[in-house]
file final-v9.pdb (PDB, C-alpha atoms and all ligand atoms)
ATOM      1  CA  MET A 139      14.066  -3.907  36.885
ATOM      2  CA  ILE A 140      14.576  -7.261  38.523
ATOM      3  CA  ILE A 141      12.808  -7.402  41.873
ATOM      4  CA  GLU A 142      13.531 -10.438  44.065
ATOM      5  CA  ASN A 143      10.492 -12.701  44.370
ATOM      6  CA  SER A 144       8.118 -10.332  42.624
ATOM      7  CA  GLU A 145       4.820 -11.696  41.324
ATOM      8  CA  ILE A 146       4.951 -13.906  38.245
ATOM      9  CA  ILE A 147       2.928 -12.084  35.616
ATOM     10  CA  LEU A 148       3.351 -14.450  32.713
ATOM     11  CA  SER A 149       4.373 -18.050  32.646
ATOM     12  CA  VAL A 150       4.617 -19.841  29.309
ATOM     13  CA  ARG A 151       5.341 -23.566  29.274
ATOM     14  CA  ASP A 152       6.092 -25.653  26.201
ATOM     15  CA  LEU A 153       3.788 -23.581  24.055
ATOM     16  CA  THR A 154       3.187 -24.947  20.585
ATOM     17  CA  ALA A 155       0.996 -23.315  17.964
ATOM     18  CA  GLU A 156       0.232 -23.581  14.294
ATOM     19  CA  VAL A 157      -1.178 -21.425  11.586
ATOM     20  CA  GLU A 158      -2.883 -22.866   8.518
ATOM     21  CA  GLY A 159      -1.581 -26.295   9.400
ATOM     22  CA  ASN A 160       2.062 -25.228   9.787
ATOM     23  CA  GLN A 161       3.624 -25.631  13.169
ATOM     24  CA  ILE A 162       5.298 -22.320  13.989
ATOM     25  CA  LEU A 163       5.831 -22.373  17.752
ATOM     26  CA  LYS A 164       7.632 -25.525  18.789
ATOM     27  CA  GLY A 165       7.754 -25.340  22.558
ATOM     28  CA  VAL A 166       8.231 -21.821  23.905
ATOM     29  CA  ASN A 167       9.111 -21.295  27.574
ATOM     30  CA  LEU A 168       9.173 -17.890  29.198
ATOM     31  CA  GLU A 169       8.630 -16.487  32.654
ATOM     32  CA  VAL A 170       8.052 -12.793  33.245
ATOM     33  CA  ARG A 171       7.835 -11.230  36.682
ATOM     34  CA  ALA A 172       6.462  -7.878  37.770
ATOM     35  CA  GLY A 173       8.875  -5.022  37.140
ATOM     36  CA  GLU A 174      10.813  -6.795  34.384
ATOM     37  CA  ILE A 175      11.537  -5.824  30.815
ATOM     38  CA  HIS A 176      12.205  -8.720  28.460
ATOM     39  CA  ALA A 177      13.443  -8.461  24.904
ATOM     40  CA  ILE A 178      12.829 -11.209  22.377
ATOM     41  CA  MET A 179      15.134 -11.044  19.406
ATOM     42  CA  GLY A 180      15.697 -13.399  16.511
ATOM     43  CA  PRO A 181      15.857 -13.755  12.770
ATOM     44  CA  ASN A 182      12.891 -13.066  10.503
ATOM     45  CA  GLY A 183      10.331 -15.821  10.388
ATOM     46  CA  SER A 184      11.320 -17.343  13.716
ATOM     47  CA  GLY A 185       7.846 -17.028  15.237
ATOM     48  CA  LYS A 186       8.141 -13.837  17.281
ATOM     49  CA  SER A 187       5.005 -12.186  15.919
ATOM     50  CA  THR A 188       3.186 -15.512  16.057
ATOM     51  CA  PHE A 189       4.059 -15.766  19.736
ATOM     52  CA  SER A 190       2.737 -12.262  20.425
ATOM     53  CA  LYS A 191      -0.486 -12.941  18.527
ATOM     54  CA  VAL A 192      -1.037 -16.228  20.330
ATOM     55  CA  LEU A 193      -0.721 -14.377  23.638
ATOM     56  CA  ALA A 194      -3.224 -11.763  22.484
ATOM     57  CA  GLY A 195      -5.636 -14.466  21.291
ATOM     58  CA  HIS A 196      -5.559 -13.923  17.531
ATOM     59  CA  PRO A 197      -8.066 -16.378  16.036
ATOM     60  CA  ALA A 198      -5.884 -17.424  13.084
ATOM     61  CA  TYR A 199      -3.358 -19.101  15.368
ATOM     62  CA  GLU A 200      -4.178 -22.443  16.890
ATOM     63  CA  VAL A 201      -2.556 -23.457  20.131
ATOM     64  CA  THR A 202      -1.735 -27.151  19.952
ATOM     65  CA  GLY A 203       0.003 -27.650  23.281
ATOM     66  CA  GLY A 204       1.484 -26.148  26.412
ATOM     67  CA  GLU A 205       0.111 -23.586  28.798
ATOM     68  CA  VAL A 206       0.098 -19.859  29.407
ATOM     69  CA  ILE A 207      -0.675 -18.526  32.858
ATOM     70  CA  PHE A 208      -1.267 -14.799  33.217
ATOM     71  CA  LYS A 209      -1.527 -13.542  36.810
ATOM     72  CA  GLY A 210      -2.654 -16.981  37.928
ATOM     73  CA  GLN A 211      -5.293 -17.367  35.216
ATOM     74  CA  ASN A 212      -5.277 -19.692  32.232
ATOM     75  CA  LEU A 213      -4.821 -17.136  29.481
ATOM     76  CA  LEU A 214      -5.534 -19.593  26.678
ATOM     77  CA  GLU A 215      -9.081 -20.097  27.913
ATOM     78  CA  MET A 216      -9.844 -16.392  27.804
ATOM     79  CA  GLU A 217     -11.413 -14.570  24.862
ATOM     80  CA  PRO A 218      -9.193 -11.913  23.250
ATOM     81  CA  GLU A 219     -11.338  -9.091  24.737
ATOM     82  CA  GLU A 220     -11.109 -10.673  28.159
ATOM     83  CA  ARG A 221      -7.335 -10.827  27.864
ATOM     84  CA  ALA A 222      -7.214  -7.160  26.932
ATOM     85  CA  ARG A 223      -9.536  -6.165  29.745
ATOM     86  CA  SER A 224      -7.547  -8.069  32.292
ATOM     87  CA  GLY A 225      -4.369  -6.261  31.318
ATOM     88  CA  VAL A 226      -2.681  -7.862  28.308
ATOM     89  CA  PHE A 227      -1.807  -5.339  25.636
ATOM     90  CA  LEU A 228      -0.290  -6.025  22.242
ATOM     91  CA  ALA A 229       1.217  -3.277  20.110
ATOM     92  CA  PHE A 230       1.098  -4.774  16.632
ATOM     93  CA  GLN A 231       4.009  -4.950  14.243
ATOM     94  CA  TYR A 232       1.555  -3.765  11.584
ATOM     95  CA  PRO A 233      -1.108  -1.643  13.323
ATOM     96  CA  LEU A 234      -4.539  -1.894  11.735
ATOM     97  CA  GLU A 235      -6.295   1.031  10.141
ATOM     98  CA  ILE A 236      -9.947   1.514  11.057
ATOM     99  CA  PRO A 237     -11.521   3.911   8.574
ATOM    100  CA  GLY A 238     -14.590   5.765   9.838
ATOM    101  CA  VAL A 239     -13.776   5.405  13.527
ATOM    102  CA  THR A 240     -12.034   8.359  15.086
ATOM    103  CA  ASN A 241      -9.007   7.711  17.181
ATOM    104  CA  LEU A 242     -10.653   9.511  20.097
ATOM    105  CA  ASP A 243     -13.781   7.326  19.981
ATOM    106  CA  PHE A 244     -11.731   4.191  19.610
ATOM    107  CA  LEU A 245      -9.558   5.064  22.585
ATOM    108  CA  ARG A 246     -12.565   6.003  24.717
ATOM    109  CA  VAL A 247     -14.409   2.754  23.987
ATOM    110  CA  ALA A 248     -11.297   0.684  24.716
ATOM    111  CA  TYR A 249     -10.574   2.620  27.878
ATOM    112  CA  ASN A 250     -14.123   2.485  29.194
ATOM    113  CA  SER A 251     -14.556  -1.181  28.479
ATOM    114  CA  LYS A 252     -11.479  -1.839  30.593
ATOM    115  CA  ARG A 253     -12.818   0.370  33.398
ATOM    116  CA  LYS A 254     -16.152  -1.410  33.307
ATOM    117  CA  ALA A 255     -14.462  -4.789  33.528
ATOM    118  CA  ASN A 256     -12.681  -3.534  36.639
ATOM    119  CA  GLY A 257     -15.945  -2.406  38.216
ATOM    120  CA  LEU A 258     -15.299   1.306  37.639
ATOM    121  CA  GLU A 259     -17.639   3.944  36.221
ATOM    122  CA  GLU A 260     -17.127   4.846  32.571
ATOM    123  CA  LEU A 261     -15.537   8.239  32.047
ATOM    124  CA  GLU A 262     -17.725  10.899  30.438
ATOM    125  CA  PRO A 263     -16.448  12.107  27.048
ATOM    126  CA  PHE A 264     -15.198  15.433  28.433
ATOM    127  CA  ASP A 265     -13.351  13.825  31.323
ATOM    128  CA  PHE A 266     -11.914  11.279  28.950
ATOM    129  CA  GLU A 267     -10.658  14.045  26.674
ATOM    130  CA  ASP A 268      -8.800  15.626  29.587
ATOM    131  CA  LEU A 269      -7.126  12.309  30.265
ATOM    132  CA  VAL A 270      -6.198  11.747  26.615
ATOM    133  CA  TYR A 271      -4.662  15.191  26.343
ATOM    134  CA  GLU A 272      -2.532  14.453  29.352
ATOM    135  CA  ARG A 273      -1.393  11.118  27.868
ATOM    136  CA  LEU A 274      -0.690  12.597  24.438
ATOM    137  CA  ASP A 275       2.264  14.188  26.090
ATOM    138  CA  VAL A 276       3.815  10.783  26.798
ATOM    139  CA  VAL A 277       4.255  10.258  23.055
ATOM    140  CA  LYS A 278       4.488  13.941  22.061
ATOM    141  CA  MET A 279       1.566  13.475  19.720
ATOM    142  CA  ASP A 280      -0.383  16.308  18.184
ATOM    143  CA  PRO A 281      -4.047  16.449  19.344
ATOM    144  CA  SER A 282      -5.178  16.609  15.708
ATOM    145  CA  PHE A 283      -4.522  12.845  15.523
ATOM    146  CA  LEU A 284      -7.447  12.264  17.859
ATOM    147  CA  ASN A 285      -9.999  13.356  15.294
ATOM    148  CA  ARG A 286      -8.601  11.303  12.437
ATOM    149  CA  SER A 287      -9.673   7.739  11.682
ATOM    150  CA  VAL A 288      -7.634   5.199  13.627
ATOM    151  CA  ASN A 289      -4.240   4.915  11.924
ATOM    152  CA  GLU A 290      -5.683   5.848   8.526
ATOM    153  CA  GLY A 291      -3.009   7.668   6.560
ATOM    154  CA  PHE A 292      -0.713   7.721   9.579
ATOM    155  CA  SER A 293       2.954   7.322   8.740
ATOM    156  CA  GLY A 294       4.700   4.216  10.075
ATOM    157  CA  GLY A 295       6.133   6.208  12.964
ATOM    158  CA  GLU A 296       2.794   7.842  13.782
ATOM    159  CA  LYS A 297       1.112   4.433  13.949
ATOM    160  CA  LYS A 298       3.730   3.208  16.381
ATOM    161  CA  ARG A 299       3.307   6.267  18.560
ATOM    162  CA  ASN A 300      -0.428   5.726  18.480
ATOM    163  CA  GLU A 301       0.109   2.198  19.798
ATOM    164  CA  ILE A 302       2.058   3.639  22.726
ATOM    165  CA  LEU A 303      -0.703   6.184  23.301
ATOM    166  CA  GLN A 304      -3.137   3.257  23.626
ATOM    167  CA  MET A 305      -0.736   1.666  26.066
ATOM    168  CA  ALA A 306      -0.507   4.904  28.055
ATOM    169  CA  LEU A 307      -4.283   4.958  28.411
ATOM    170  CA  LEU A 308      -4.868   1.280  29.076
ATOM    171  CA  GLU A 309      -1.964   0.910  31.529
ATOM    172  CA  PRO A 310      -1.556  -2.811  30.878
ATOM    173  CA  THR A 311      -0.045  -5.256  33.334
ATOM    174  CA  LEU A 312       1.712  -6.969  30.443
ATOM    175  CA  ALA A 313       2.623  -4.932  27.374
ATOM    176  CA  ILE A 314       3.881  -6.860  24.372
ATOM    177  CA  LEU A 315       5.497  -4.579  21.837
ATOM    178  CA  ASP A 316       6.059  -6.221  18.472
ATOM    179  CA  GLU A 317       8.764  -4.374  16.546
ATOM    180  CA  THR A 318       7.544  -1.053  17.841
ATOM    181  CA  ASP A 319      10.892   0.347  16.734
ATOM    182  CA  SER A 320      10.672  -0.657  13.079
ATOM    183  CA  GLY A 321      10.213   2.222  10.680
ATOM    184  CA  LEU A 322      11.051   4.855  13.262
ATOM    185  CA  ASP A 323      13.608   7.571  12.702
ATOM    186  CA  ILE A 324      15.901   8.287  15.600
ATOM    187  CA  ASP A 325      13.770  11.089  17.084
ATOM    188  CA  ALA A 326      10.582   9.044  16.948
ATOM    189  CA  LEU A 327      12.470   6.079  18.393
ATOM    190  CA  LYS A 328      13.532   8.163  21.377
ATOM    191  CA  ILE A 329       9.993   9.431  21.908
ATOM    192  CA  VAL A 330       8.542   5.925  21.777
ATOM    193  CA  ALA A 331      11.233   4.549  24.067
ATOM    194  CA  ASN A 332      10.793   7.414  26.474
ATOM    195  CA  GLY A 333       7.035   6.758  26.455
ATOM    196  CA  VAL A 334       7.540   3.088  27.279
ATOM    197  CA  ASN A 335      10.023   3.954  30.017
ATOM    198  CA  GLN A 336       7.540   6.363  31.586
ATOM    199  CA  LEU A 337       4.946   3.595  31.632
ATOM    200  CA  THR A 338       7.000   0.858  33.236
ATOM    201  CA  ARG A 339       6.397   0.312  36.923
ATOM    202  CA  PRO A 340       7.250  -2.250  39.579
ATOM    203  CA  ASP A 341       3.845  -3.892  39.133
ATOM    204  CA  ASN A 342       3.804  -4.299  35.358
ATOM    205  CA  ALA A 343       6.031  -5.883  32.745
ATOM    206  CA  VAL A 344       7.063  -5.385  29.150
ATOM    207  CA  VAL A 345       7.980  -7.915  26.488
ATOM    208  CA  MET A 346       9.639  -6.165  23.570
ATOM    209  CA  ILE A 347      10.090  -7.980  20.336
ATOM    210  CA  THR A 348      12.780  -6.415  18.262
ATOM    211  CA  HIS A 349      15.108  -7.133  15.444
ATOM    212  CA  TYR A 350      17.648  -4.522  16.281
ATOM    213  CA  GLN A 351      19.670  -3.701  19.290
ATOM    214  CA  ARG A 352      19.220   0.068  18.860
ATOM    215  CA  LEU A 353      15.867   0.180  20.707
ATOM    216  CA  LEU A 354      17.594  -1.554  23.583
ATOM    217  CA  ASN A 355      19.917   1.428  23.952
ATOM    218  CA  TYR A 356      16.887   3.371  25.090
ATOM    219  CA  ILE A 357      14.782   0.733  26.813
ATOM    220  CA  ILE A 358      17.198  -1.361  28.827
ATOM    221  CA  PRO A 359      16.026  -4.970  29.071
ATOM    222  CA  ASP A 360      16.565  -7.127  32.137
ATOM    223  CA  TYR A 361      16.582 -10.243  29.961
ATOM    224  CA  VAL A 362      17.237 -10.891  26.301
ATOM    225  CA  HIS A 363      15.895 -14.057  24.670
ATOM    226  CA  VAL A 364      16.774 -15.337  21.248
ATOM    227  CA  MET A 365      13.980 -17.006  19.340
ATOM    228  CA  ALA A 366      14.675 -19.042  16.241
ATOM    229  CA  ARG A 367      12.703 -21.775  14.496
ATOM    230  CA  GLY A 368       9.839 -21.473  16.929
ATOM    231  CA  LYS A 369      11.764 -21.821  20.169
ATOM    232  CA  ILE A 370      13.743 -19.691  22.551
ATOM    233  CA  LEU A 371      17.252 -20.995  21.997
ATOM    234  CA  THR A 372      19.077 -19.063  24.680
ATOM    235  CA  SER A 373      18.608 -16.173  27.094
ATOM    236  CA  GLY A 374      20.905 -13.679  28.727
ATOM    237  CA  GLY A 375      21.188 -10.135  29.996
ATOM    238  CA  LYS A 376      21.361  -6.934  27.997
ATOM    239  CA  GLU A 377      24.907  -7.739  26.881
ATOM    240  CA  LEU A 378      23.537 -10.604  24.770
ATOM    241  CA  ALA A 379      21.823  -8.038  22.532
ATOM    242  CA  LEU A 380      25.160  -6.335  21.914
ATOM    243  CA  GLU A 381      26.753  -9.638  21.060
ATOM    244  CA  LEU A 382      23.948 -10.383  18.586
ATOM    245  CA  GLU A 383      24.422  -6.970  17.049
ATOM    246  CA  SER A 384      28.059  -7.653  16.347
ATOM    247  CA  ARG A 385      27.928 -11.389  15.593
ATOM    248  CA  GLY A 386      24.486 -11.899  14.041
ATOM    249  CA  TYR A 387      22.318 -14.930  14.762
ATOM    250  CA  ASP A 388      24.068 -17.785  12.971
ATOM    251  CA  TRP A 389      26.429 -18.634  15.802
ATOM    252  CA  ILE A 390      23.442 -18.971  18.146
ATOM    253  CA  LEU A 391      21.859 -21.434  15.770
ATOM    254  CA  ASP A 392      25.153 -23.336  15.470
ATOM    255  CA  GLN A 393      25.637 -23.409  19.197
ATOM    256  CA  TYR A 394      22.143 -24.081  20.517
ATOM    257  CA  ALA A 395      19.809 -25.409  17.843
ATOM    258  CA  GLU A 396      20.916 -28.990  18.311
ATOM    259  CA  THR A 397      20.732 -28.915  22.118
ATOM    260  CA  VAL A 398      17.277 -27.328  22.033
ATOM    261  CA  GLY A 399      16.188 -29.670  19.261
ATOM    262  CA  VAL A 400      15.204 -27.515  16.314
TER     263      VAL A 400
HETATM  264  P1  LIG B 501       8.783 -13.236  12.996
HETATM  265  O1  LIG B 501       7.848 -12.265  13.650
HETATM  266  O2  LIG B 501       9.755 -13.851  13.937
HETATM  267  O3  LIG B 501       9.463 -12.643  11.811
HETATM  268  P2  LIG B 501       6.349 -14.666  12.298
HETATM  269  O4  LIG B 501       5.773 -15.147  13.575
HETATM  270  O5  LIG B 501       5.729 -13.477  11.663
HETATM  271  O6  LIG B 501       7.928 -14.475  12.455
HETATM  272  O7  LIG B 501       6.300 -15.835  11.250
HETATM  273  C1  LIG B 501       6.786 -17.142  11.526
HETATM  274  C2  LIG B 501       6.420 -18.060  10.376
HETATM  275  O8  LIG B 501       5.022 -18.261  10.383
HETATM  276  C3  LIG B 501       6.783 -17.509   9.015
HETATM  277  O9  LIG B 501       7.284 -18.574   8.243
HETATM  278  C4  LIG B 501       5.463 -17.016   8.489
HETATM  279  O10 LIG B 501       5.401 -17.076   7.094
HETATM  280  C5  LIG B 501       4.471 -17.973   9.118
HETATM  281  N1  LIG B 501       3.155 -17.344   9.322
HETATM  282  C6  LIG B 501       2.852 -16.389  10.215
HETATM  283  N2  LIG B 501       1.567 -16.010  10.118
HETATM  284  C7  LIG B 501       1.033 -16.748   9.118
HETATM  285  C8  LIG B 501      -0.262 -16.841   8.522
HETATM  286  N3  LIG B 501      -1.286 -16.089   8.943
HETATM  287  N4  LIG B 501      -0.425 -17.737   7.516
HETATM  288  C9  LIG B 501       0.603 -18.511   7.086
HETATM  289  N5  LIG B 501       1.842 -18.478   7.613
HETATM  290  C10 LIG B 501       2.066 -17.617   8.602
HETATM  291 MG    MG B 502       7.413 -10.270  13.313
END

call {"tool": "encode", "arguments": {"input": "final-v9.pdb", "output": "structure tokens"}}
result
Amino acid sequence: MIIENSEIILSVRDLTAEVEGNQILKGVNLEVRAGEIHAIMGPNGSGKSTFSKVLAGHPAYEVTGGEVIFKGQNLLEMEPEERARSGVFLAFQYPLEIPGVTNLDFLRVAYNSKRKANGLEELEPFDFEDLVYERLDVVKMDPSFLNRSVNEGFSGGEKKRNEILQMALLEPTLAILDETDSGLDIDALKIVANGVNQLTRPDNAVVMITHYQRLLNYIIPDYVHVMARGKILTSGGKELALELESRGYDWILDQYAETVGV
């Protein structure tokens, strides 16, 4: 929801970044305030996942210019763990599998490291289990998933739900969801969307990266941005997503690429 004059959570200015010597982000600008849901859409290969990984601090991506301020701090100077602990959460487009580490242990370590960073006592395993069981409900996940290795052998949809379970536990200030809808059937999509909706509050914000408008039927964005060729070409309200659905992306490129300079 758009709240007048709410706190700026994320401010991205002229962000450029490269991977393996190729410039992918060519000057991204974005401002996200508390309470808002932003959607970033755009054709394949436009730099959406790169943008999310740069925000999370993925080491393969080199920032070559611009700035990112998260809650008043210079995000780009923070280590990835520090970013996570201070409230940035990224749900990956392709969630990693971690064989040999149970989901429950993984979640507890992540959760407790965030508590510690905030000066809180770690939760004892039994207390943590109570909390996890409560949060499982947000994503309608079976408890048996807690004792399996992280994401190992999970179906695409189960991995995505597991990402939202992490989000439900970590309660991030800024959640970046990279194609959390891809590979989901309609029931799983509704569960994931419902989970995200339950987790949005006036003091946090969500940036959803998505290819398709259908997720946006369930999670209503305040702003829709179109990224192509490493820049945000244009932004609008939720109706822009519907227009993209019916008209595709080419007209956006025709109309804006030259003005924006890509
Ligand atoms: P999107 O998520 O919008 O589909 P990506 O950010 O995944 O786009 O990719 C943007 C471009 O960057 C693509 O051309 C892709 O091949 C390239 N790219 C992304 N990651 C890497 C990498 N690790 N190594 C080489 N090229 C990459
Ligand atoms: Mg992507």

call {"tool": "residues_near_ligand", "arguments": {"input": "final-v9.pdb", "ligand": "ligand LIG 501 (chain B)", "cutoff": "6 Å", "atoms": "only C-alpha atoms and all ligand atoms", "output": "VMD selection string"}}
result
chain A and resid 157 to 158 162 182 to 188

call {"tool": "closest_residue", "arguments": {"input": "final-v9.pdb", "among": "A:Leu327, A:Ile178, A:Leu168, A:Val226", "to": "His363 of chain A", "atoms": "all atoms listed in the file"}}
result
A:Ile178

call {"tool": "resolve_selection", "arguments": {"input": "final-v9.pdb", "expression": "the PyMOL selection byres (((chain A and resi 368-374) around 6) and not hetatm)", "output": "compact mmCIF listing (two decimals) with C-alpha atoms, in the coordinates of the input"}}
result
# COMPACT_ATOMS: atom_id res chain seq x y z
CA ILE A 162 5.30 -22.32 13.99
CA LEU A 163 5.83 -22.37 17.75
CA LYS A 164 7.63 -25.52 18.79
CA GLY A 165 7.75 -25.34 22.56
CA VAL A 166 8.23 -21.82 23.90
CA SER A 184 11.32 -17.34 13.72
CA GLY A 185 7.85 -17.03 15.24
CA TYR A 361 16.58 -10.24 29.96
CA VAL A 362 17.24 -10.89 26.30
CA HIS A 363 15.90 -14.06 24.67
CA VAL A 364 16.77 -15.34 21.25
CA MET A 365 13.98 -17.01 19.34
CA ALA A 366 14.68 -19.04 16.24
CA ARG A 367 12.70 -21.78 14.50
CA GLY A 375 21.19 -10.14 30.00
CA LEU A 378 23.54 -10.60 24.77
CA TYR A 394 22.14 -24.08 20.52

call {"tool": "resolve_selection", "arguments": {"input": "final-v9.pdb", "expression": "the PyMOL selection byres (((chain A and resi 309) around 10) and not hetatm)", "output": "number ranges by chain"}}
result
A: 225-227, 249, 252, 303-308, 310-313, 337-339, 342

call {"tool": "residues_around", "arguments": {"input": "final-v9.pdb", "residues": "segment 228-233 of chain A", "least_positions_apart": "5", "cutoff": "7 Å", "atoms": "only C-alpha atoms", "output": "list in words"}}
result
Ala194, Lys297, Glu301, Ala313, Ile314, Leu315, Asp316, Glu317 and Thr318 of chain A

call {"tool": "atom_distance", "arguments": {"input": "final-v9.pdb", "atom1": "atom CA of Arg246 of chain A", "atom2": "atom CA of Asp280 of chain A"}}
result
17.2 Å

call {"tool": "residues_near_point", "arguments": {"input": "final-v9.pdb", "point": "(-4.0, -26.0, 22.9)", "cutoff": "12 Å", "atoms": "all atoms listed in the file", "output": "list of chain:residue names"}}
result
A:Arg151, A:Asp152, A:Leu153, A:Thr154, A:Ala155, A:Glu156, A:Leu163, A:Gly165, A:Val192, A:Gly195, A:Tyr199, A:Glu200, A:Val201, A:Thr202, A:Gly203, A:Gly204, A:Glu205, A:Val206, A:Asn212, A:Leu213, A:Leu214, A:Glu215
